[in-house]
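Student: Pasting final.tsv below, which is TSV, C-alpha atoms.
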chain	number	residue	atom	x	y	z
A	918	MET	CA	196.96	130.87	-265.19
A	919	THR	CA	198.56	127.53	-264.51
A	920	ASP	CA	202.04	126.44	-265.49
A	921	GLU	CA	200.98	122.84	-266.03
A	922	LEU	CA	201.07	123.45	-269.79
A	923	VAL	CA	204.13	125.23	-271.19
A	924	PHE	CA	204.42	126.14	-274.85
A	925	TYR	CA	207.85	126.70	-276.43
A	926	THR	CA	207.74	128.57	-279.71
A	927	ASN	CA	208.93	131.28	-282.03
A	928	PRO	CA	206.34	133.29	-283.99
A	929	MET	CA	208.34	132.74	-287.18
A	930	SER	CA	208.00	128.97	-287.01
A	931	ARG	CA	205.60	126.05	-287.12
A	932	GLY	CA	204.82	126.99	-283.57
A	933	ARG	CA	201.94	128.91	-285.12
A	934	ILE	CA	200.24	125.57	-285.75
A	935	ALA	CA	200.55	124.55	-282.11
A	936	ARG	CA	199.44	128.01	-280.95
A	937	TRP	CA	196.27	127.70	-283.02
A	938	MET	CA	195.61	124.27	-281.55
A	939	LEU	CA	196.17	125.52	-278.01
A	940	GLU	CA	193.72	128.35	-278.58
A	941	GLU	CA	191.18	125.88	-279.93
A	942	THR	CA	191.33	123.85	-276.72
A	943	GLY	CA	190.70	126.85	-274.47
A	944	ALA	CA	193.35	125.54	-272.06
A	945	ASP	CA	195.50	127.81	-269.93
A	946	TYR	CA	199.15	127.72	-270.96
A	947	ARG	CA	202.37	129.65	-270.48
A	948	THR	CA	204.38	130.70	-273.53
A	949	GLU	CA	208.17	130.59	-273.65
A	950	LEU	CA	209.47	132.49	-276.68
A	951	LEU	CA	212.78	131.22	-278.01
A	952	ASP	CA	215.07	132.63	-280.66
A	953	TYR	CA	216.95	130.67	-283.27
A	954	GLY	CA	220.42	131.93	-282.48
A	955	SER	CA	220.64	131.31	-278.76
A	956	THR	CA	217.85	129.99	-276.52
A	957	MET	CA	216.61	127.39	-278.99
A	958	LYS	CA	220.04	125.74	-278.98
A	959	ALA	CA	220.80	126.30	-275.29
A	960	GLU	CA	221.08	123.39	-272.90
A	961	ALA	CA	217.92	124.37	-271.04
A	962	TYR	CA	215.78	123.88	-274.15
A	963	LEU	CA	217.77	120.95	-275.53
A	964	SER	CA	216.75	119.08	-272.40
A	965	VAL	CA	213.16	119.56	-273.57
A	966	ASN	CA	213.72	118.90	-277.28
A	967	PRO	CA	217.17	117.57	-278.24
A	968	MET	CA	216.40	118.52	-281.86
A	969	GLY	CA	216.68	122.17	-280.84
A	970	LYS	CA	213.54	123.05	-282.76
A	971	VAL	CA	210.13	124.43	-281.92
A	972	PRO	CA	207.35	123.94	-281.15
A	973	ALA	CA	207.25	121.78	-278.07
A	974	ILE	CA	204.84	121.55	-275.18
A	975	VAL	CA	205.35	120.26	-271.67
A	976	HIS	CA	202.11	119.10	-270.10
A	977	ASN	CA	202.21	117.88	-266.51
A	978	GLY	CA	205.90	117.16	-266.92
A	979	ARG	CA	205.57	115.23	-270.20
A	980	VAL	CA	207.11	116.53	-273.43
A	981	VAL	CA	205.37	116.46	-276.80
A	982	THR	CA	207.08	117.64	-280.00
A	983	GLU	CA	206.12	117.54	-283.70
A	984	CYS	CA	203.10	119.59	-284.70
A	985	ALA	CA	200.87	116.73	-285.79
A	986	ALA	CA	201.56	114.92	-282.52
A	987	ILE	CA	200.87	118.08	-280.52
A	988	CYS	CA	197.53	118.55	-282.27
A	989	ALA	CA	196.46	114.96	-281.66
A	990	TYR	CA	197.70	114.98	-278.07
A	991	LEU	CA	195.91	118.20	-277.15
A	992	ALA	CA	192.67	117.01	-278.74
A	993	GLU	CA	192.73	113.91	-276.56
A	994	SER	CA	193.94	115.71	-273.42
A	995	PHE	CA	191.17	118.31	-273.60
A	996	PRO	CA	188.15	116.30	-274.76
A	997	ASP	CA	185.69	119.07	-273.92
A	998	SER	CA	187.07	121.00	-276.88
A	999	GLY	CA	185.41	118.49	-279.21
A	1000	LEU	CA	188.49	118.34	-281.44
A	1001	ALA	CA	189.24	114.63	-281.16
A	1002	PRO	CA	187.62	112.37	-283.75
A	1003	ARG	CA	184.35	110.59	-283.18
A	1004	ALA	CA	184.23	106.89	-284.01
A	1005	GLU	CA	182.99	107.49	-287.55
A	1006	GLU	CA	185.66	110.16	-288.15
A	1007	ARG	CA	188.73	108.30	-286.96
A	1008	ALA	CA	189.72	106.70	-290.24
A	1009	ASP	CA	189.81	109.95	-292.23
A	1010	TYR	CA	191.16	111.91	-289.25
A	1011	TYR	CA	194.25	109.74	-288.83
A	1012	ARG	CA	194.64	109.02	-292.53
A	1013	TRP	CA	194.91	112.64	-293.59
A	1014	LEU	CA	196.70	113.89	-290.49
A	1015	PHE	CA	199.53	111.44	-291.10
A	1016	PHE	CA	199.44	111.96	-294.86
A	1017	ALA	CA	200.04	115.68	-294.37
A	1018	ALA	CA	202.77	115.12	-291.78
A	1019	GLY	CA	204.52	112.42	-293.80
A	1020	PRO	CA	204.26	112.00	-297.58
A	1021	LEU	CA	202.96	115.50	-298.28
A	1022	GLU	CA	205.64	117.26	-296.28
A	1023	GLN	CA	208.35	115.13	-297.86
A	1024	ALA	CA	207.02	115.89	-301.33
A	1025	VAL	CA	206.76	119.63	-300.70
A	1026	THR	CA	210.17	119.90	-299.06
A	1027	ASN	CA	211.96	117.92	-301.75
A	1028	ASN	CA	210.23	119.84	-304.50
A	1029	TRP	CA	211.21	123.17	-302.90
A	1030	ALA	CA	214.79	121.91	-302.71
A	1031	LYS	CA	214.55	120.99	-306.40
A	1032	PHE	CA	215.08	117.31	-305.67
A	1033	VAL	CA	212.98	115.24	-308.03
A	1034	PRO	CA	213.25	111.46	-307.61
A	1035	GLY	CA	213.88	109.59	-310.82
A	1036	ASP	CA	211.51	106.86	-311.94
A	1037	ASP	CA	213.77	104.24	-310.43
A	1038	GLN	CA	213.81	106.11	-307.10
A	1039	ALA	CA	210.09	106.91	-306.77
A	1040	MET	CA	209.26	103.61	-305.10
A	1041	MET	CA	211.63	104.51	-302.27
A	1042	PHE	CA	209.73	107.69	-301.46
A	1043	GLY	CA	206.40	107.58	-299.65
A	1044	TYR	CA	204.88	110.21	-301.90
A	1045	GLY	CA	205.86	108.86	-305.31
A	1046	SER	CA	205.94	112.28	-306.92
A	1047	TYR	CA	205.16	115.87	-305.96
A	1048	ASP	CA	202.30	116.11	-308.48
A	1049	ARG	CA	200.70	112.94	-307.18
A	1050	ALA	CA	200.91	114.16	-303.58
A	1051	VAL	CA	199.33	117.49	-304.51
A	1052	ASP	CA	196.51	115.78	-306.39
A	1053	VAL	CA	195.82	113.52	-303.40
A	1054	LEU	CA	195.77	116.55	-301.10
A	1055	GLU	CA	193.20	118.20	-303.35
A	1056	TYR	CA	191.12	115.04	-303.19
A	1057	ALA	CA	191.37	115.01	-299.39
A	1058	VAL	CA	190.18	118.58	-298.88
A	1059	SER	CA	187.41	118.35	-301.49
A	1060	ARG	CA	185.56	115.27	-300.25
A	1061	ASN	CA	183.85	116.92	-297.27
A	1062	PRO	CA	183.68	120.36	-295.69
A	1063	TYR	CA	186.39	119.29	-293.23
A	1064	ILE	CA	189.13	116.73	-293.42
A	1065	ALA	CA	187.35	114.09	-291.30
A	1066	GLY	CA	183.81	114.86	-292.39
A	1067	GLU	CA	181.19	117.44	-291.59
A	1068	ARG	CA	182.84	119.12	-288.60
A	1069	PHE	CA	186.13	120.75	-287.66
A	1070	THR	CA	188.68	118.60	-285.80
A	1071	ALA	CA	192.30	118.84	-284.72
A	1072	ALA	CA	193.32	117.34	-288.06
A	1073	ASP	CA	192.04	120.50	-289.74
A	1074	VAL	CA	194.43	122.59	-287.65
A	1075	TYR	CA	197.39	120.68	-289.03
A	1076	VAL	CA	196.20	120.05	-292.59
A	1077	GLY	CA	194.71	123.54	-292.83
A	1078	SER	CA	197.97	125.13	-291.71
A	1079	SER	CA	199.92	123.05	-294.22
A	1080	VAL	CA	197.66	124.11	-297.08
A	1081	ALA	CA	197.54	127.76	-295.98
A	1082	TRP	CA	201.30	128.05	-295.71
A	1083	GLY	CA	201.94	126.11	-298.88
A	1084	THR	CA	199.66	128.28	-300.99
A	1085	GLN	CA	200.87	131.48	-299.34
A	1086	PHE	CA	204.55	130.78	-299.94
A	1087	GLY	CA	204.16	129.03	-303.28
A	1088	THR	CA	205.19	125.53	-302.27
A	1089	LEU	CA	201.68	124.37	-303.19
A	1090	PRO	CA	199.78	125.50	-306.28
A	1091	GLY	CA	196.93	127.96	-305.84
A	1092	ARG	CA	194.05	125.62	-306.62
A	1093	ASP	CA	190.45	126.64	-305.96
A	1094	ALA	CA	189.88	123.64	-303.69
A	1095	PHE	CA	192.80	124.69	-301.50
A	1096	ALA	CA	191.60	128.27	-301.22
A	1097	ALA	CA	188.08	127.19	-300.31
A	1098	TYR	CA	189.31	124.75	-297.67
A	1099	VAL	CA	191.64	127.29	-296.07
A	1100	ALA	CA	188.84	129.85	-295.96
A	1101	ARG	CA	186.61	127.37	-294.12
A	1102	VAL	CA	189.06	126.19	-291.53
A	1103	THR	CA	190.56	129.58	-290.68
A	1104	ASP	CA	187.21	131.29	-290.16
A	1105	ARG	CA	187.41	130.64	-286.43
A	1106	ASP	CA	187.89	132.78	-283.35
A	1107	ALA	CA	190.71	130.55	-282.09
A	1108	TYR	CA	192.63	131.00	-285.34
A	1109	ARG	CA	192.24	134.76	-285.14
A	1110	ARG	CA	193.37	134.83	-281.49
A	1111	ALA	CA	196.40	132.69	-282.25
A	1112	THR	CA	197.37	134.84	-285.21
A	1113	GLU	CA	197.07	138.02	-283.16
A	1114	LEU	CA	199.23	136.58	-280.37
A	1115	ASP	CA	201.97	135.44	-282.74
A	1116	ASP	CA	201.88	138.63	-284.78
A	1117	ALA	CA	202.20	140.67	-281.59
A	1118	ALA	CA	205.28	138.64	-280.63
A	1119	MET	CA	207.00	139.17	-283.99
A	1120	PRO	CA	208.88	142.42	-283.13
A	1121	GLU	CA	210.45	140.69	-280.15
A	1122	GLN	CA	211.96	137.98	-282.34
A	1123	ALA	CA	214.53	138.85	-284.97
A	1124	PRO	CA	215.70	136.07	-287.30
A	1125	ALA	CA	219.18	134.79	-286.52
Go ahead and express the file in the form of structure tokens.
Tutor:
Amino acid sequence: MTDELVFYTNPMSRGRIARWMLEETGADYRTELLDYGSTMKAEAYLSVNPMGKVPAIVHNGRVVTECAAICAYLAESFPDSGLAPRAEERADYYRWLFFAAGPLEQAVTNNWAKFVPGDDQAMMFGYGSYDRAVDVLEYAVSRNPYIAGERFTAADVYVGSSVAWGTQFGTLPGRDAFAAYVARVTDRDAYRRATELDDAAMPEQAPA
């Protein structure tokens, strides 16, 4: 196994998204498990990600953070995986990847925190309202079998994880379209491998 690709994570984090993407690529990588109370805020890791958060990857000496960026970067860096968009898929691929990472996440986070923008504030928020963002997400996952069309891409790793987590933890409503989409995108060997690896690491990581 090569150390050219290093993966910093905690199994109780969004690192699960990056782990799934790494397993989809088939690339060799080394995992560095961090904990919230010490190593994630230590100088050694802050030199990788000054935010002190996971996940992050270092590939050939270059750092990539933010799950959506990691998914897109790995798809392009390992083209044999077939996870980058084809020409006819690019519009939907980038549209919905950035929708999920931007407006949708803002809407879900603010709603969970019980912050509801007033009518005079809605124009300042990229999602308008939580209900609108959820309806648009349902539209996105219902148009085609996968987010960019007829085949699975890296965008499905990110969007699929967002929908799976949201419906599991109640930050998204349990709509039939969401359940059907999650069932499609998680029925993959790479997803199962990633889940097994992170679940196996759970006893080693206690929450701070």
Student: So that I can see what lies close to segment 939-943 of chain A, please list as a list in words the residues with an atom at most 7 Å from it, counting only C-alpha atoms and leaving out residues fewer than 4 positions away in the same chain.
Tutor: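 Within the cut-off, the hits are Ala935, Phe995, Ser998, Ala1107 and Ala1111 of chain A.
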Student: Counting all atoms listed in the file, which residue out of A:Asn1027, A:Thr948, A:Gln1085, A:Thr1070 sits closest to Ala1050 of chain A?
Tutor: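 Checking each candidate against Ala1050 of chain A, we get A:Asn1027 as the closest.
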Student: Which one is closest to Arg1101 of chain A: A:Leu922, A:Leu1089, A:Val1058, A:Leu1114? Count only C-alpha atoms.
Tutor: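 Nearest to Arg1101 of chain A: A:Val1058.
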Student: May I ask for the distance between atom CA of Asp952 of chain A and atom CA of Asn927 of chain A, given in Å to one decimal place?
Tutor: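 Atom CA of Asp952 of chain A sits 6.4 Å away from atom CA of Asn927 of chain A.
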Student: Smallest atom-to-atom distance to Ala1065 of chain A: which of A:Ala1100, A:Met1119, A:Leu1000, A:Val1033, using all atoms listed in the file?
Tutor: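 Closest candidate: A:Leu1000.
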Student: Taking only C-alpha atoms into account, name the residue in A:Ala959, A:Tyr925, A:Thr1026, A:Ile934 that is nearest to Tyr1108 of chain A.
Tutor: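 Closest to Tyr1108 of chain A of all the choices is A:Ile934.
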Student: Which residue is closest to Arg933 of chain A? Choose from A:Asp1052, A:Cys988, A:Gly999, A:Met1041 and count all atoms listed in the file.
Tutor: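 Closest to Arg933 of chain A of all the choices is A:Cys988.
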Student: Extending 3 Å beyond the listed atoms of segment 1103-1109 of chain A on each side, what axis-aligned box results? I want centre and edge lengths in Å to one decimal, as lines of an AutoDock Vina configuration file.
Tutor:
center_x = 189.9
center_y = 132.2
center_z = -286.4
size_x = 11.4
size_y = 11.2
size_z = 14.6
Student: Here is a test: counting all atoms listed in the file, which residue of A:Leu963, A:Ala1030, A:Val1080, A:Leu1014 is nearest to Ile987 of chain A?
Tutor: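 For Ile987 of chain A, the nearest of the candidates is A:Leu1014.
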Student: At what distance in Å, to one decimal, does atom CA of Asn1028 of chain A lie from atom CA of Thr1088 of chain A?
Tutor: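 Distance between the two atoms: 7.9 Å.
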Student: Which residues are near Phe1015 of chain A? Cut-off 10 Å, all atoms listed in the file, ignore same chain within fewer than 6 positions. Put them as a list of chain:residue names.
Tutor: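 So the residues in contact are A:Ala985, A:Ala986, A:Asp1009, A:Leu1021, A:Glu1022, A:Ala1072, A:Tyr1075, A:Val1076.
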Student: Please report the interatomic distance between atom CA of Arg1092 of chain A and atom CA of Tyr1011 of chain A in Å with one decimal.
Tutor: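 Distance reported for this atom pair: 23.8 Å.
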Student: With a distance cut-off of 6 Å and all atoms listed in the file, select the neighbouring residues of Val1099 of chain A, excluding the residue or stretch itself and same-chain residues fewer than 4 positions from it, and output the selection as a CSV table (one decimal) with C-alpha atoms, keeping the file's coordinate frame.
Tutor:
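The resulting selection15.csv:
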chain,number,residue,atom,x,y,z
A,1077,GLY,CA,194.7,123.5,-292.8
A,1081,ALA,CA,197.5,127.8,-296.0
A,1103,THR,CA,190.6,129.6,-290.7
